[in-house]
Amino acid sequence: MVALGDDAPTTPQPTAAEAVAAEVREDVEQVNETAREDAPPAVGNHCNATLDVEGIGDTCVTSDGLLRVEQADGQSYTIHGVDAPPVGAASFAPGSMAAVAGAGPKDVTCTGADQPHYTLVYAHPADVASRSTTIAPKLRTEAYKLGAFLDSESRAVSPGAGRSLPIKCDGGAPVVLTANLTTLSSGTASFGTLVDALKAQGYEYNGKGSGMERYIVYYDSPSPTGAAGTGHVFTSDSSGAATNQNNVGGLYAVEYRYDGGGGVPHWETLIHEVVHTMGAVSNDAPHTSGVASNGAGAGHCTDGQDVMCYADGGSNAYNGSVCATKVLDCNRDDYFNPDPAPGSYLATHWNAAAPYNRFLVAGKAGDVTPPTQVTGLRQTGTSNVAVGVAWSVASDDAAVVGYAVSVRPVGGAWRDAGSTSRTATSITGLAASSAFEVSVAAKDAAGNVGPAAVLAVSTNDQPDHTAPSAPSALAAKTTMTNATFSWNDAADDVGVQGYELRRITPSADPTRRETRSAGTTPNTTITVPLAGLKPGQRVQFELVARDGAANVSLPAKVTITVPKDARRPTAPANLRVVVRTTTKVTFAWTASRDNVAVTGYRAYQLVGRRWVLRGNLAANISRLGVTGLRRGSSYTFRLVARDAAGNLSTPSRPIVLRPR
């Protein structure tokens with residue numbers, strides 16, 4: 001009897017994505033290892049003989065462990081291999097993540113065709129309908145995030161050492177070219193054939209052309225190996241702009257569609273491949289992964305949670321504990337430092353952050369401008385335990401997202417009194433009949449904080465027994481997964497401190513009202529999930545305001561109707577074999593799509609004339625291993641997708657599995 005592999009848990013588990021990614025990583029590492037063990041050696045800058053490696057192309061191995069890939073016209077280039085999707089969620093440095101969260105057009109430098117730059121490309125094979133209207137804006141957004149990360153990591157070394165990614169723009173927005181690669185089909189293209197297809201459409205290649213253009217490519221099809229991406233890289237370590245191979249145009253950083261990641265671009269994948277095209281990581285860097293006796297390794301580092309570091313089979317051991325969060329060059333000593341110490345490795349060798357890197361712009365990038373100082377700060381009320389304050393809206397070159405409020409006794413230490421997006425608040429927990437100072441500063445999405453305004457305030461000895469007014473204009477917008485509520489600020493004699501949204505629940509006793517808190521906020525909007533509610537169900541909510549003395553207003557009420565989901569997911573597509581042994585075959589597929597979300601898949605095997613359910617798969621599963629197969633026999637499977645509403649897709653086309 002056949003059995004499903006470890007990559008197909010019968011019920012979703014918290015570690016399912018990690019398990020799938022781990023198996024994909026094993027497959028990808030096997031591809032890279034096979035290439036380096038079995039491919040013939042390079043001779044100079046060419047291959048006298050090649051090995052056709054799935055997902056890579058016709059390749060030979062250089063003396064420094066890179067793979068030299070031969071093109072159809074006899075030219076060649078080097079790559080480090082293919083990269084698998086990450087295992088587990090990445091944890092990045094907080095400062096850089098704040099910059100990424102607020103990323104926008106300001107985080108890249110728009111250039112013309114006459115300046116060195118990267119061009120964004122959305123490419124798809126002939127049998128995949130173009131999703132350019134969906135992917136193009138997402139690719140721009142991920143490029144902004146990539147640029148924000150580069151700049152934030154640079155300014156973490158030195159505030160004045162910002163670095164910006166040059167992007168080809170038109171009308172102030174990055175250009176996204178669409179390439180319909182008619183010679184390729186889904187799930188089959190190697191990196192070599194992908195570059196060949198783009199080159200055939202006139203894209204620059206390995207220094208051929210103007211020398212000004214490189215490409216960040218999102219290819220709308222999975223790699224046949226399950227890889228997340230790959231990119232050109234040279235390990236030349238010379239520090240001169242004119243003499244280093246890493247300063248040429250016509251290089252490619254490619255991300256393949258990874259359905260376990262939602263089938264959209266990801267800046268976390270692209271940053272790795274883009275930095276490869278900038279020369280990371282040279283084999284003589286202090287923490288290079290090195291080159292093992294079989295030629296494995298090359299192009300990565302070993303020290304910590306670095307975007308370019310992991311255990312890649314090289315001769316040097318990986319140590320993931322050196323830097324606790326993902327950064328761009330742990331300790332800034334291997335490949336990227338905008339301000340290296342005199343005499344250090346990066347001061348005398350190739351440094352991707354140095355001004356001689358033609359494909360990175362020195363100077364200000366990202367949002368480094370703080371909001372203006374708050375004006376109009378005033379006391380609006382007082383009691384024996386609280387004061388109310390209000391102020392005017394501050395301005396920013398991007399947008400103010402909130403205000404940080406602090407308080408202290410006159411001459412004492414400051415303490416945090418909370419944050420709010422409103423322009424008023426109530427500060428509680430104060431001593432009666434005492435003098436205090438209140439500080440209010442505006443902040444933007446990049447984490448910049450403006451100059452604080454400070455106001456002297458005081459409490460009295462009178463308790464506050466007056467409740468705020470009821471919030472007005474309560475309204476709700478619903479989707480099938482959540483509801484967003486908004487309202488106008490309430491009024492209070494001291495000051496409103498915040499709001500509580502409550503769900504009114506049915507009771508067996510009609511004379512009683514039962515409520516359950518759905519959340520609290522210091523702002524005038526809140527989004528809550530609708531999990532557990534049935535489609536079509538009418539649910540009543542109420543909202544109350546609270547002040548610093550815990551007085552509660554009368555409620556404002558609104559009733560919502562949970563939308564019904566009647567749309568079925570699309571059928572899983574492009575079922576294809578990716579790994580085949582004598583007893584096990586692993587097949588992959590293109591993820592189904594749904595108007596809300598696909599929640600899983602059902603795998604069926606054809607037994608006689610009946611389709612028999614063999615397992616329920618989590619939504620993030622995109623490959624399935626079937627074991628216990630017999631040589632000479634064939635096994636037929638198909639998949640059905642499901643969503644949270646219980647809608648089932650039409651079945652996929654069957655796939656016939658035959659062990660080797």
# chains A, B, ... in the order shown; residues from 1 in each chain; ligands from 1
call {"tool": "residues_around", "arguments": {"residues": "range 373-375 of chain A", "least_positions_apart": "3", "cutoff": "10 Å", "atoms": "only C-alpha atoms", "output": "CSV table (one decimal) with C-alpha atoms, in the first residue's frame"}}
result
chain,number,residue,atom,x,y,z
A,370,PRO,CA,11.3,63.5,11.4
A,378,ARG,CA,-2.9,72.5,26.0
A,390,ALA,CA,-4.9,68.1,23.3
A,391,TRP,CA,-2.8,69.4,20.5
A,392,SER,CA,-2.8,70.3,16.8
A,393,VAL,CA,-1.9,67.9,14.0
A,394,ALA,CA,1.9,67.7,13.2
A,395,SER,CA,3.2,67.4,9.6
A,396,ASP,CA,5.8,65.1,8.0
A,403,TYR,CA,2.0,60.6,18.9
A,423,THR,CA,-4.8,64.6,18.9
A,439,SER,CA,5.6,65.7,26.6
A,440,VAL,CA,4.0,64.9,23.2
A,441,ALA,CA,6.1,64.1,20.0
A,442,ALA,CA,4.9,63.0,16.6
A,443,LYS,CA,6.3,59.9,14.9
A,449,VAL,CA,10.3,61.0,16.1
A,450,GLY,CA,9.9,64.8,15.9
A,451,PRO,CA,10.9,67.3,18.6
A,452,ALA,CA,8.8,67.0,21.7
A,453,ALA,CA,6.5,69.8,22.9
A,454,VAL,CA,6.4,70.1,26.7
call {"tool": "residues_around", "arguments": {"residues": "range 581-593 of chain A", "least_positions_apart": "5", "cutoff": "6 Å", "atoms": "only C-alpha atoms", "output": "number ranges by chain"}}
result
A: 259, 569-576, 622-629, 659-660
call {"tool": "closest_residue", "arguments": {"among": "A:Thr650, A:Asn620, A:Asn595, A:Asn482", "to": "Val562 in chain A", "atoms": "only C-alpha atoms"}}
result
A:Asn482
call {"tool": "residues_around", "arguments": {"residues": "His272 in chain A", "least_positions_apart": "3", "cutoff": "7 Å", "atoms": "only C-alpha atoms", "output": "PyMOL selection string"}}
result
chain A and resi 268-269+275-276+307-308
call {"tool": "select_by_dssp", "arguments": {"residues": "range 248-418 of chain A", "states": "helix (DSSP H, G or I)", "output": "MDAnalysis selection string"}}
result
chainID A and resid 259:261 267:277 330:332 345:348
call {"tool": "write_last_selection", "arguments": {"atoms": "N, CA and C atoms", "output": "compact mmCIF listing (two decimals), in the first residue's frame"}}
result
# COMPACT_ATOMS: atom_id res chain seq x y z
N ASP A 259 4.57 28.91 -4.13
CA ASP A 259 3.18 28.95 -3.73
C ASP A 259 3.01 28.85 -2.22
N GLY A 260 3.99 28.23 -1.54
CA GLY A 260 3.94 28.22 -0.08
C GLY A 260 4.09 29.60 0.52
N GLY A 261 4.59 30.54 -0.28
CA GLY A 261 4.73 31.92 0.17
C GLY A 261 3.67 32.83 -0.42
N TRP A 267 10.48 40.65 -0.63
CA TRP A 267 11.74 41.38 -0.57
C TRP A 267 12.80 40.58 0.16
N GLU A 268 12.39 39.71 1.12
CA GLU A 268 13.38 38.93 1.87
C GLU A 268 14.13 37.96 0.97
N THR A 269 13.44 37.44 -0.07
CA THR A 269 14.13 36.58 -1.04
C THR A 269 14.95 37.42 -2.00
N LEU A 270 14.39 38.52 -2.46
CA LEU A 270 15.07 39.34 -3.46
C LEU A 270 16.33 39.98 -2.91
N ILE A 271 16.34 40.38 -1.62
CA ILE A 271 17.54 41.02 -1.07
C ILE A 271 18.73 40.08 -1.16
N HIS A 272 18.51 38.80 -0.90
CA HIS A 272 19.59 37.81 -0.97
C HIS A 272 20.16 37.73 -2.38
N GLU A 273 19.26 37.66 -3.37
CA GLU A 273 19.74 37.51 -4.74
C GLU A 273 20.36 38.81 -5.27
N VAL A 274 19.78 39.96 -4.90
CA VAL A 274 20.35 41.24 -5.34
C VAL A 274 21.75 41.43 -4.78
N VAL A 275 21.95 41.10 -3.50
CA VAL A 275 23.27 41.27 -2.90
C VAL A 275 24.27 40.29 -3.51
N HIS A 276 23.79 39.12 -3.95
CA HIS A 276 24.68 38.24 -4.73
C HIS A 276 25.19 38.97 -5.97
N THR A 277 24.30 39.65 -6.69
CA THR A 277 24.73 40.35 -7.90
C THR A 277 25.68 41.50 -7.58
N CYS A 330 26.58 40.54 9.15
CA CYS A 330 26.79 40.45 10.59
C CYS A 330 28.17 41.01 10.94
N ASN A 331 28.18 42.00 11.83
CA ASN A 331 29.40 42.71 12.27
C ASN A 331 30.07 43.51 11.15
N ARG A 332 29.40 43.62 9.98
CA ARG A 332 29.83 44.48 8.87
C ARG A 332 31.30 44.25 8.49
N TYR A 345 39.40 44.39 6.34
CA TYR A 345 39.20 43.61 5.12
C TYR A 345 38.40 44.39 4.08
N LEU A 346 37.27 44.98 4.50
CA LEU A 346 36.41 45.67 3.53
C LEU A 346 36.95 47.02 3.10
N ALA A 347 37.97 47.51 3.77
CA ALA A 347 38.62 48.74 3.32
C ALA A 347 39.61 48.46 2.20
N THR A 348 40.00 47.19 2.06
CA THR A 348 41.03 46.84 1.07
C THR A 348 40.57 45.80 0.06
call {"tool": "closest_residue", "arguments": {"among": "A:Thr141, A:Thr520, A:Gln201, A:Ser164", "to": "Asn357 in chain A", "atoms": "only C-alpha atoms"}}
result
A:Ser164
call {"tool": "decode", "arguments": {"residues": "range 219-233 of chain A", "atoms": "N, CA and C atoms", "output": "compact mmCIF listing (two decimals), in the first residue's frame"}}
result
# COMPACT_ATOMS: atom_id res chain seq x y z
N TYR A 219 9.68 35.55 -11.60
CA TYR A 219 9.27 34.60 -12.63
C TYR A 219 8.04 33.85 -12.12
N ASP A 220 6.91 34.00 -12.81
CA ASP A 220 5.63 33.50 -12.33
C ASP A 220 5.46 32.01 -12.61
N SER A 221 6.38 31.24 -12.10
CA SER A 221 6.34 29.80 -12.23
C SER A 221 7.32 29.21 -11.23
N PRO A 222 6.99 28.07 -10.62
CA PRO A 222 7.94 27.47 -9.68
C PRO A 222 9.18 26.96 -10.39
N SER A 223 10.28 26.97 -9.67
CA SER A 223 11.48 26.31 -10.15
C SER A 223 11.24 24.81 -10.11
N PRO A 224 11.75 24.06 -11.07
CA PRO A 224 11.55 22.60 -11.03
C PRO A 224 12.19 21.95 -9.82
N THR A 225 13.12 22.64 -9.17
CA THR A 225 13.77 22.09 -7.98
C THR A 225 13.11 22.55 -6.69
N GLY A 226 12.14 23.46 -6.77
CA GLY A 226 11.56 24.03 -5.56
C GLY A 226 12.30 25.24 -5.04
N ALA A 227 13.30 25.72 -5.79
CA ALA A 227 14.13 26.83 -5.34
C ALA A 227 13.33 28.11 -5.20
N ALA A 228 13.76 28.96 -4.26
CA ALA A 228 13.14 30.28 -4.10
C ALA A 228 13.72 31.26 -5.10
N GLY A 229 15.00 31.11 -5.43
CA GLY A 229 15.61 32.04 -6.37
C GLY A 229 17.07 31.72 -6.59
N THR A 230 17.69 32.52 -7.44
CA THR A 230 19.14 32.47 -7.63
C THR A 230 19.56 33.77 -8.29
N GLY A 231 20.86 33.98 -8.35
CA GLY A 231 21.37 35.21 -8.94
C GLY A 231 22.80 35.05 -9.39
N HIS A 232 23.18 35.86 -10.37
CA HIS A 232 24.58 35.89 -10.79
C HIS A 232 25.46 36.33 -9.64
N VAL A 233 26.67 35.83 -9.59
CA VAL A 233 27.63 36.28 -8.59
C VAL A 233 29.04 36.00 -9.12
